[in-house]
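As provided, final-v9.cif (mmCIF, C-alpha atoms) reads as follows.
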```cif
data_model
#
loop_
_atom_site.group_PDB
_atom_site.id
_atom_site.type_symbol
_atom_site.label_atom_id
_atom_site.label_comp_id
_atom_site.auth_asym_id
_atom_site.auth_seq_id
_atom_site.Cartn_x
_atom_site.Cartn_y
_atom_site.Cartn_z
ATOM 1 C CA MET A 7 129.134 109.103 102.216
ATOM 2 C CA ASP A 8 127.851 112.517 103.284
ATOM 3 C CA VAL A 9 124.518 112.910 105.040
ATOM 4 C CA ASN A 10 122.858 114.844 102.217
ATOM 5 C CA THR A 11 123.605 112.181 99.612
ATOM 6 C CA SER A 12 122.377 109.519 102.026
ATOM 7 C CA ARG A 13 119.104 111.386 102.479
ATOM 8 C CA GLU A 14 118.718 111.762 98.707
ATOM 9 C CA LEU A 15 119.028 107.984 98.336
ATOM 10 C CA ALA A 16 116.416 107.527 101.059
ATOM 11 C CA ALA A 17 114.080 109.777 99.074
ATOM 12 C CA VAL A 18 114.624 107.633 95.976
ATOM 13 C CA ALA A 19 113.855 104.495 97.988
ATOM 14 C CA ALA A 20 110.674 106.111 99.322
ATOM 15 C CA GLU A 21 109.559 107.035 95.818
ATOM 16 C CA ALA A 22 110.171 103.483 94.612
ATOM 17 C CA ALA A 23 108.319 101.954 97.569
ATOM 18 C CA ARG A 24 105.334 104.250 97.177
ATOM 19 C CA ALA A 25 105.226 103.513 93.447
ATOM 20 C CA VAL A 26 103.837 100.063 94.269
ATOM 21 C CA GLY A 27 101.553 101.131 97.118
ATOM 22 C CA ASP A 28 98.371 101.405 95.050
ATOM 23 C CA MET A 29 99.157 98.124 93.316
ATOM 24 C CA LEU A 30 99.524 96.260 96.606
ATOM 25 C CA ARG A 31 96.514 97.889 98.246
ATOM 26 C CA GLY A 32 94.403 97.014 95.222
ATOM 27 C CA ALA A 33 95.488 93.377 95.262
ATOM 28 C CA PHE A 34 95.251 92.969 99.032
ATOM 29 C CA ARG A 35 92.533 90.529 100.142
ATOM 30 C CA SER A 36 91.958 89.371 96.581
ATOM 31 C CA ARG A 37 93.251 85.886 97.530
ATOM 32 C CA PRO A 38 95.792 85.802 94.697
ATOM 33 C CA GLU A 39 97.061 82.559 93.252
ATOM 34 C CA ILE A 40 100.134 81.332 95.102
ATOM 35 C CA SER A 41 103.250 79.643 93.786
ATOM 36 C CA THR A 42 106.040 78.346 96.001
ATOM 37 C CA LYS A 43 109.800 78.737 95.930
ATOM 38 C CA ARG A 44 111.834 76.620 98.358
ATOM 39 C CA ASP A 45 108.794 74.735 99.715
ATOM 40 C CA PHE A 46 105.133 75.282 100.567
ATOM 41 C CA HIS A 47 106.127 77.488 103.520
ATOM 42 C CA ASP A 48 107.729 79.959 101.073
ATOM 43 C CA PRO A 49 104.953 81.492 98.928
ATOM 44 C CA VAL A 50 105.180 83.995 96.088
ATOM 45 C CA THR A 51 102.477 85.724 94.054
ATOM 46 C CA GLU A 52 102.340 87.554 90.748
ATOM 47 C CA HIS A 53 102.168 90.761 92.770
ATOM 48 C CA ASP A 54 105.597 90.164 94.357
ATOM 49 C CA LYS A 55 107.113 89.932 90.893
ATOM 50 C CA ALA A 56 105.179 92.837 89.398
ATOM 51 C CA ALA A 57 105.995 95.086 92.348
ATOM 52 C CA GLU A 58 109.696 94.300 92.146
ATOM 53 C CA GLU A 59 109.778 95.100 88.431
ATOM 54 C CA ARG A 60 108.113 98.456 89.059
ATOM 55 C CA ILE A 61 110.579 99.236 91.837
ATOM 56 C CA ARG A 62 113.456 98.362 89.509
ATOM 57 C CA GLU A 63 112.055 100.789 86.922
ATOM 58 C CA VAL A 64 112.013 103.660 89.408
ATOM 59 C CA LEU A 65 115.520 102.897 90.664
ATOM 60 C CA ALA A 66 116.851 102.662 87.095
ATOM 61 C CA GLU A 67 115.308 106.026 86.265
ATOM 62 C CA ARG A 68 116.567 107.808 89.375
ATOM 63 C CA CYS A 69 119.927 106.026 89.814
ATOM 64 C CA PRO A 70 120.816 104.420 86.474
ATOM 65 C CA ASP A 71 124.326 103.361 87.511
ATOM 66 C CA SER A 72 123.219 100.983 90.236
ATOM 67 C CA THR A 73 123.151 97.331 91.158
ATOM 68 C CA VAL A 74 119.791 95.964 92.269
ATOM 69 C CA VAL A 75 119.520 92.792 94.356
ATOM 70 C CA GLY A 76 115.902 91.718 94.511
ATOM 71 C CA GLU A 77 114.287 88.783 96.239
ATOM 72 C CA GLU A 78 112.398 87.776 93.127
ATOM 73 C CA GLY A 79 114.655 88.860 90.239
ATOM 74 C CA GLY A 80 118.135 88.351 91.647
ATOM 75 C CA THR A 81 121.063 90.673 90.928
ATOM 76 C CA ARG A 82 121.038 92.971 87.932
ATOM 77 C CA GLY A 83 123.183 95.901 86.874
ATOM 78 C CA GLU A 84 126.542 97.227 87.910
ATOM 79 C CA GLY A 85 127.311 100.273 89.981
ATOM 80 C CA ALA A 86 128.646 101.627 93.238
ATOM 81 C CA ILE A 87 125.170 101.942 94.735
ATOM 82 C CA CYS A 88 123.649 98.557 95.544
ATOM 83 C CA TRP A 89 119.918 98.388 96.252
ATOM 84 C CA TYR A 90 118.395 95.550 98.271
ATOM 85 C CA VAL A 91 114.717 95.125 97.439
ATOM 86 C CA ASP A 92 111.990 93.025 98.998
ATOM 87 C CA PRO A 93 108.788 94.005 97.181
ATOM 88 C CA ILE A 94 106.507 92.253 99.679
ATOM 89 C CA ASP A 95 108.059 91.215 102.961
ATOM 90 C CA GLY A 96 105.368 89.069 104.535
ATOM 91 C CA THR A 97 103.967 87.497 101.374
ATOM 92 C CA ALA A 98 102.062 84.805 103.301
ATOM 93 C CA ASN A 99 100.221 87.546 105.206
ATOM 94 C CA PHE A 100 99.568 89.540 102.041
ATOM 95 C CA ALA A 101 98.220 86.514 100.195
ATOM 96 C CA ALA A 102 95.931 85.493 103.061
ATOM 97 C CA GLY A 103 94.639 88.992 103.785
ATOM 98 C CA LEU A 104 96.470 89.690 107.049
ATOM 99 C CA PRO A 105 97.503 93.375 107.213
ATOM 100 C CA PHE A 106 101.120 92.916 108.303
ATOM 101 C CA PHE A 107 103.427 93.155 105.285
ATOM 102 C CA CYS A 108 105.581 95.848 103.727
ATOM 103 C CA THR A 109 107.962 96.884 100.982
ATOM 104 C CA SER A 110 111.605 97.157 102.052
ATOM 105 C CA ILE A 111 114.297 98.970 100.040
ATOM 106 C CA ALA A 112 117.847 99.752 101.174
ATOM 107 C CA ALA A 113 120.863 101.363 99.527
ATOM 108 C CA ALA A 114 124.406 100.232 100.332
ATOM 109 C CA VAL A 115 127.733 101.731 99.294
ATOM 110 C CA ASP A 116 131.126 100.146 99.987
ATOM 111 C CA GLY A 117 129.570 97.469 102.167
ATOM 112 C CA GLU A 118 127.618 99.913 104.361
ATOM 113 C CA VAL A 119 123.863 100.453 104.433
ATOM 114 C CA VAL A 120 123.436 104.195 103.912
ATOM 115 C CA ALA A 121 119.693 104.598 103.330
ATOM 116 C CA GLY A 122 116.552 102.570 103.783
ATOM 117 C CA VAL A 123 112.779 102.708 103.586
ATOM 118 C CA ILE A 124 110.139 100.340 104.927
ATOM 119 C CA TYR A 125 106.672 101.134 103.615
ATOM 120 C CA ASP A 126 103.487 99.663 105.071
ATOM 121 C CA PRO A 127 100.923 100.200 102.293
ATOM 122 C CA VAL A 128 97.883 99.191 104.367
ATOM 123 C CA ARG A 129 98.507 101.812 107.065
ATOM 124 C CA ASP A 130 100.363 104.184 104.714
ATOM 125 C CA ASP A 131 103.252 104.281 107.187
ATOM 126 C CA GLU A 132 106.607 105.218 105.665
ATOM 127 C CA PHE A 133 109.676 104.517 107.823
ATOM 128 C CA THR A 134 112.776 106.257 106.487
ATOM 129 C CA ALA A 135 116.397 106.052 107.600
ATOM 130 C CA TRP A 136 119.564 107.766 106.418
ATOM 131 C CA LEU A 137 122.926 108.491 107.982
ATOM 132 C CA GLY A 138 121.487 111.499 109.805
ATOM 133 C CA GLY A 139 118.384 110.062 111.425
ATOM 134 C CA ALA A 140 115.147 108.104 111.185
ATOM 135 C CA GLU A 141 111.540 109.134 110.658
ATOM 136 C CA CYS A 142 108.035 107.748 110.343
ATOM 137 C CA ASN A 143 105.792 109.772 108.050
ATOM 138 C CA GLY A 144 108.162 112.723 108.299
ATOM 139 C CA ALA A 145 108.336 112.825 112.104
ATOM 140 C CA PRO A 146 111.504 111.766 113.968
ATOM 141 C CA ILE A 147 111.273 108.440 115.780
ATOM 142 C CA ARG A 148 113.147 107.163 118.792
ATOM 143 C CA SER A 149 113.647 103.502 119.611
ATOM 144 C CA SER A 150 112.835 103.376 123.312
ATOM 145 C CA GLY A 151 110.620 101.249 125.502
ATOM 146 C CA ALA A 152 110.928 98.390 127.963
ATOM 147 C CA ARG A 153 114.157 97.661 129.818
ATOM 148 C CA THR A 154 113.666 94.023 130.818
ATOM 149 C CA ASP A 155 112.106 90.883 129.370
ATOM 150 C CA ARG A 156 109.199 90.840 131.814
ATOM 151 C CA GLU A 157 108.074 94.285 130.586
ATOM 152 C CA ALA A 158 108.788 93.743 126.899
ATOM 153 C CA VAL A 159 106.958 92.744 123.723
ATOM 154 C CA LEU A 160 108.981 90.298 121.616
ATOM 155 C CA LEU A 161 108.351 89.924 117.887
ATOM 156 C CA SER A 162 109.761 86.697 116.478
ATOM 157 C CA SER A 163 109.025 84.072 113.831
ATOM 158 C CA TYR A 164 111.226 81.557 115.641
ATOM 159 C CA PRO A 165 111.059 78.640 115.331
ATOM 160 C CA THR A 166 110.495 78.349 111.591
ATOM 161 C CA PRO A 167 109.934 74.943 109.971
ATOM 162 C CA ARG A 168 113.625 74.939 108.999
ATOM 163 C CA ASP A 169 114.606 75.672 112.607
ATOM 164 C CA LEU A 170 112.475 72.735 113.745
ATOM 165 C CA ALA A 171 114.074 70.483 111.143
ATOM 166 C CA ALA A 172 117.567 71.546 112.202
ATOM 167 C CA ASP A 173 117.171 71.812 115.978
ATOM 168 C CA GLY A 174 114.258 69.500 116.776
ATOM 169 C CA GLU A 175 112.928 69.685 120.324
ATOM 170 C CA GLU A 176 115.643 72.142 121.326
ATOM 171 C CA ALA A 177 113.928 74.762 119.146
ATOM 172 C CA LEU A 178 110.694 74.199 121.045
ATOM 173 C CA HIS A 179 112.496 74.493 124.375
ATOM 174 C CA ARG A 180 114.003 77.820 123.254
ATOM 175 C CA PHE A 181 110.597 79.060 122.152
ATOM 176 C CA ALA A 182 109.103 78.071 125.500
ATOM 177 C CA ARG A 183 111.794 80.058 127.297
ATOM 178 C CA MET A 184 111.009 83.106 125.149
ATOM 179 C CA VAL A 185 107.269 82.855 125.813
ATOM 180 C CA ASN A 186 107.817 82.461 129.550
ATOM 181 C CA ALA A 187 110.374 85.270 129.812
ATOM 182 C CA PHE A 188 108.606 88.052 127.905
ATOM 183 C CA ALA A 189 105.436 89.917 128.814
ATOM 184 C CA SER A 190 104.139 89.171 125.298
ATOM 185 C CA THR A 191 105.479 87.176 122.363
ATOM 186 C CA ARG A 192 104.056 87.706 118.890
ATOM 187 C CA ARG A 193 104.691 86.079 115.485
ATOM 188 C CA PRO A 194 103.504 88.754 113.011
ATOM 189 C CA GLY A 195 105.362 87.460 109.953
ATOM 190 C CA SER A 196 107.466 90.245 108.377
ATOM 191 C CA ALA A 197 111.067 90.749 109.471
ATOM 192 C CA ALA A 198 111.299 94.221 107.950
ATOM 193 C CA LEU A 199 108.106 95.502 109.534
ATOM 194 C CA LYS A 200 109.056 94.001 112.889
ATOM 195 C CA LEU A 201 112.281 96.009 112.777
ATOM 196 C CA ALA A 202 110.371 99.161 111.830
ATOM 197 C CA HIS A 203 108.148 98.718 114.874
ATOM 198 C CA VAL A 204 111.174 98.297 117.149
ATOM 199 C CA ALA A 205 112.704 101.431 115.624
ATOM 200 C CA ALA A 206 109.510 103.345 116.373
ATOM 201 C CA GLY A 207 109.321 101.962 119.922
ATOM 202 C CA TRP A 208 106.022 100.170 119.222
ATOM 203 C CA SER A 209 107.621 96.854 120.202
ATOM 204 C CA ASP A 210 110.745 96.164 122.215
ATOM 205 C CA VAL A 211 112.672 93.205 120.780
ATOM 206 C CA ALA A 212 112.762 91.467 117.396
ATOM 207 C CA TYR A 213 114.480 88.176 116.655
ATOM 208 C CA GLY A 214 114.663 86.054 113.555
ATOM 209 C CA THR A 215 116.649 83.357 111.799
ATOM 210 C CA ARG A 216 117.446 82.548 108.166
ATOM 211 C CA VAL A 217 116.928 86.014 106.715
ATOM 212 C CA ASN A 218 118.575 87.629 103.689
ATOM 213 C CA ALA A 219 119.874 91.150 103.151
ATOM 214 C CA TRP A 220 116.716 92.287 101.365
ATOM 215 C CA ASP A 221 114.712 91.338 104.479
ATOM 216 C CA VAL A 222 116.717 93.329 107.000
ATOM 217 C CA ALA A 223 119.076 95.848 105.386
ATOM 218 C CA ALA A 224 116.653 98.774 105.589
ATOM 219 C CA GLY A 225 115.429 97.741 109.035
ATOM 220 C CA SER A 226 118.936 97.451 110.430
ATOM 221 C CA LEU A 227 119.699 101.064 109.565
ATOM 222 C CA LEU A 228 116.296 102.211 110.768
ATOM 223 C CA VAL A 229 116.780 100.643 114.207
ATOM 224 C CA ARG A 230 120.306 101.987 114.621
ATOM 225 C CA GLN A 231 119.508 105.511 113.444
ATOM 226 C CA ALA A 232 116.536 105.592 115.811
ATOM 227 C CA GLY A 233 118.833 104.770 118.731
ATOM 228 C CA GLY A 234 118.155 101.058 119.029
ATOM 229 C CA VAL A 235 120.458 98.048 118.750
ATOM 230 C CA TYR A 236 120.687 95.763 115.726
ATOM 231 C CA ILE A 237 122.935 92.675 115.751
ATOM 232 C CA PRO A 238 123.458 90.554 112.628
ATOM 233 C CA LEU A 239 124.045 87.075 114.048
ATOM 234 C CA SER A 240 125.843 86.000 110.855
ATOM 235 C CA GLY A 241 128.374 88.790 111.381
ATOM 236 C CA SER A 242 127.059 90.989 108.555
ATOM 237 C CA VAL A 243 123.682 92.248 107.408
ATOM 238 C CA PHE A 244 124.687 91.104 103.914
ATOM 239 C CA THR A 245 125.306 87.490 104.958
ATOM 240 C CA PRO A 246 122.233 85.253 105.323
ATOM 241 C CA GLY A 247 121.537 84.292 108.922
ATOM 242 C CA GLY A 248 119.802 85.543 112.022
ATOM 243 C CA TYR A 249 119.306 88.914 113.655
ATOM 244 C CA LEU A 250 118.484 90.383 117.045
ATOM 245 C CA ALA A 251 117.241 93.936 117.591
ATOM 246 C CA CYS A 252 116.017 95.858 120.604
ATOM 247 C CA VAL A 253 115.068 99.340 121.673
ATOM 248 C CA GLY A 254 117.682 101.599 123.197
ATOM 249 C CA GLY A 255 118.178 101.045 126.909
ATOM 250 C CA PHE A 256 116.973 97.444 126.874
ATOM 251 C CA ASP A 257 118.984 95.087 129.106
ATOM 252 C CA LEU A 258 120.111 92.714 126.379
ATOM 253 C CA GLU A 259 122.823 91.089 128.491
ATOM 254 C CA GLY A 260 120.233 90.191 131.118
ATOM 255 C CA SER A 261 117.719 88.954 128.557
ATOM 256 C CA VAL A 262 116.956 85.329 127.746
ATOM 257 C CA MET A 263 117.665 86.365 124.150
ATOM 258 C CA ALA A 264 121.373 86.771 124.866
ATOM 259 C CA GLU A 265 121.662 83.007 125.239
ATOM 260 C CA ILE A 266 119.085 82.006 122.640
ATOM 261 C CA ALA A 267 120.433 84.300 119.942
ATOM 262 C CA GLY A 268 123.973 83.370 120.888
ATOM 263 C CA ALA A 269 123.186 79.809 119.927
ATOM 264 C CA GLY A 270 122.530 81.077 116.399
ATOM 265 C CA ARG A 271 125.846 82.877 115.992
ATOM 266 C CA PRO A 272 128.499 81.427 113.693
ATOM 267 C CA ALA A 273 131.230 79.439 115.384
#
```

Rewritten as structure tokens:
Amino acid sequence: MDVNTSRELAAVAAEAARAVGDMLRGAFRSRPEISTKRDFHDPVTEHDKAAEERIREVLAERCPDSTVVGEEGGTRGEGAICWYVDPIDGTANFAAGLPFFCTSIAAAVDGEVVAGVIYDPVRDDEFTAWLGGAECNGAPIRSSGARTDREAVLLSSYPTPRDLAADGEEALHRFARMVNAFASTRRPGSAALKLAHVAAGWSDVAYGTRVNAWDVAAGSLLVRQAGGVYIPLSGSVFTPGGYLACVGGFDLEGSVMAEIAGAGRPA
């Protein structure tokens, strides 16, 4: 795909993400009623569903011959352009009133992510990526920062309850190694927004497990186009699994994450 078409798709994604900004800001800190999906650790609200439907409307209007894969509504449509939509990445934060959540929208063609937007409605920060670059609020961003663990800020939700169930005490040992190795370790609760912050150089490393394409597709392109490193631990951003990202110039081979993330790679 040519750069201009990629940028046009990024503009469509930005329009769709901003179309739900007022809705999410208005509902934020209203303590909405929560339902659960897989278990009580996996919340959803009426606003997740309403936001996704509005995003689908914008995408259908701007790119009618598309496929849309949404976290809440599944796969609909047929077309060469496939959109991956997470209307609220960080629903638990949104529902509780913690200002760390976002809307993530990515476009893929022929198995390649070609455009993506991560929109933080609380801060009104719009992170945009296309095949020619990456921006935040219209200004170019560069993924640069710390070079070693002892200087770096790590963003990670590991271990999740499912990690603890699968790995037991070993998960806690890995977490302890992460906390001891890095200057700071934070668990902010949105994979997409964590990746946006690494792309902007506001944090240095992001790691997560058990994510889906709608969580990380936009962020993966954002990090790479900003000059950082994104590694899908499942082998593909479209295959559920883990991810590891870092700013450009970070010594990943010398990091404790090389071993910890390696344990999450497929055999």

For the file shown, what are the residues hit by the PyMOL selection byres ((chain A and resi 199) around 8), laid out as a list of chain:residue names?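 When the PyMOL selection byres ((chain A and resi 199) around 8) is applied, the selected residues are A:Asp95, A:Phe106, A:Phe107, A:Cys108, A:Ile124, A:Asp126, A:Ser196, A:Ala197, A:Ala198, A:Lys200, A:Leu201, A:Ala202, A:His203, A:Gly225.
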
Write out as a PyMOL selection string each polymer residue whose atoms come within 12 Å of A:Tyr164, counting all atoms listed in the file; drop sequence neighbours fewer than 3 positions from it. chain A and resi 160-161+167-170+173+176-185+191-197+212-217+248-250+263+266-267+270

So that I have them on file, write out the residues from the current selection with C-alpha atoms, as a short mmCIF file (atom, residue, chain, number, x, y, z; two decimals), keeping the file's coordinate frame.
```cif
data_model
loop_
_atom_site.label_atom_id
_atom_site.label_comp_id
_atom_site.auth_asym_id
_atom_site.auth_seq_id
_atom_site.Cartn_x
_atom_site.Cartn_y
_atom_site.Cartn_z
CA LEU A 160 108.98 90.30 121.62
CA LEU A 161 108.35 89.92 117.89
CA PRO A 167 109.93 74.94 109.97
CA ARG A 168 113.62 74.94 109.00
CA ASP A 169 114.61 75.67 112.61
CA LEU A 170 112.48 72.74 113.74
CA ASP A 173 117.17 71.81 115.98
CA GLU A 176 115.64 72.14 121.33
CA ALA A 177 113.93 74.76 119.15
CA LEU A 178 110.69 74.20 121.04
CA HIS A 179 112.50 74.49 124.38
CA ARG A 180 114.00 77.82 123.25
CA PHE A 181 110.60 79.06 122.15
CA ALA A 182 109.10 78.07 125.50
CA ARG A 183 111.79 80.06 127.30
CA MET A 184 111.01 83.11 125.15
CA VAL A 185 107.27 82.86 125.81
CA THR A 191 105.48 87.18 122.36
CA ARG A 192 104.06 87.71 118.89
CA ARG A 193 104.69 86.08 115.48
CA PRO A 194 103.50 88.75 113.01
CA GLY A 195 105.36 87.46 109.95
CA SER A 196 107.47 90.24 108.38
CA ALA A 197 111.07 90.75 109.47
CA ALA A 212 112.76 91.47 117.40
CA TYR A 213 114.48 88.18 116.66
CA GLY A 214 114.66 86.05 113.56
CA THR A 215 116.65 83.36 111.80
CA ARG A 216 117.45 82.55 108.17
CA VAL A 217 116.93 86.01 106.72
CA GLY A 248 119.80 85.54 112.02
CA TYR A 249 119.31 88.91 113.66
CA LEU A 250 118.48 90.38 117.04
CA MET A 263 117.66 86.36 124.15
CA ILE A 266 119.08 82.01 122.64
CA ALA A 267 120.43 84.30 119.94
CA GLY A 270 122.53 81.08 116.40
#
```

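By all atoms listed in the file, and with residues fewer than 6 positions from A:Ala232 along its chain excluded, the set lying at most 9 Å from it is Ala135, Gly139, Ala140, Glu141, Pro146, Ile147, Arg148, Ser149, Ser150, Ala205, Ala206, Val253 and Gly254 of chain A.
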
With distances taken over all atoms listed in the file, which residue among A:Glu118, A:Glu265, A:Asp130, A:Glu157 lies nearest A:Arg31?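 Between A:Glu118, A:Glu265, A:Asp130, A:Glu157, the residue approaching A:Arg31 most closely is A:Asp130.
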
Which of these residues is nearest to A:Val159, using all atoms listed in the file: A:Pro127, A:Ala121, A:Gly83, A:Gly207?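 Smallest distance to A:Val159 is found for A:Gly207.
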
Could you pull the residues within 8 Å of A:Ala187, counting all atoms listed in the file, minus those fewer than 5 positions along the same chain, as number ranges by chain? A: 155-156, 262

Can you give me, as an MDAnalysis selection string, the residues this file yields under the PyMOL selection byres ((chain A and resi 114) around 10)? chainID A and resid 12 15 73 86:90 112:113 115:122 223:224 244

What gap, in Å, lies between atom CA of A:Arg153 and atom CA of A:Trp136?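 Atom CA of A:Arg153 sits 26.1 Å away from atom CA of A:Trp136.
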
Would you place a box with edges along x, y and z of the file around all atoms of stretch 253-263 of chain A listed there, add 4 Å to each of its six sides, and report the centre and edge lengths in Å to one decimal, as lines of an AutoDock Vina configuration file?
```
center_x = 118.9
center_y = 93.5
center_z = 126.4
size_x = 15.8
size_y = 24.3
size_z = 17.4
```

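When atom CA of A:His47 is paired with atom CA of A:Thr166, their separation reads 9.2 Å.
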
Please write the residues picked by the PyMOL selection byres ((chain A and resi 20-29) around 8) on this file as number ranges by chain. A: 16-19, 30-33, 53, 57, 60-62, 64-65, 93, 109-111, 123-125, 127, 132, 134

In terms of the shortest atom-to-atom distance over all atoms listed in the file, which of A:Gly268, A:Pro165, A:Gly151, A:Gly138 is closest to A:Arg230?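 Of all the options, A:Gly138 lies closest to A:Arg230.
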
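Here atom CA of A:Leu228 is placed at a distance of 18.7 Å from atom CA of A:Leu258.
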
Measuring between only C-alpha atoms, which one of A:Gly85, A:Val204, A:Gly76, A:Phe100 shows the shortest distance to A:Ala219? A:Gly76

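Around A:Glu77, within 8 Å and counting all atoms listed in the file, the residues found are A:Val75, A:Gly79, A:Gly80, A:Val91, A:Asp92, A:Pro93, A:Trp220, once anything fewer than 2 positions away on its own chain is removed.
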
Who sits within 8 Å of A:Asp54, only C-alpha atoms, same chain under 5 positions skipped, as a ChimeraX atom specification: /A:78,93-94,97
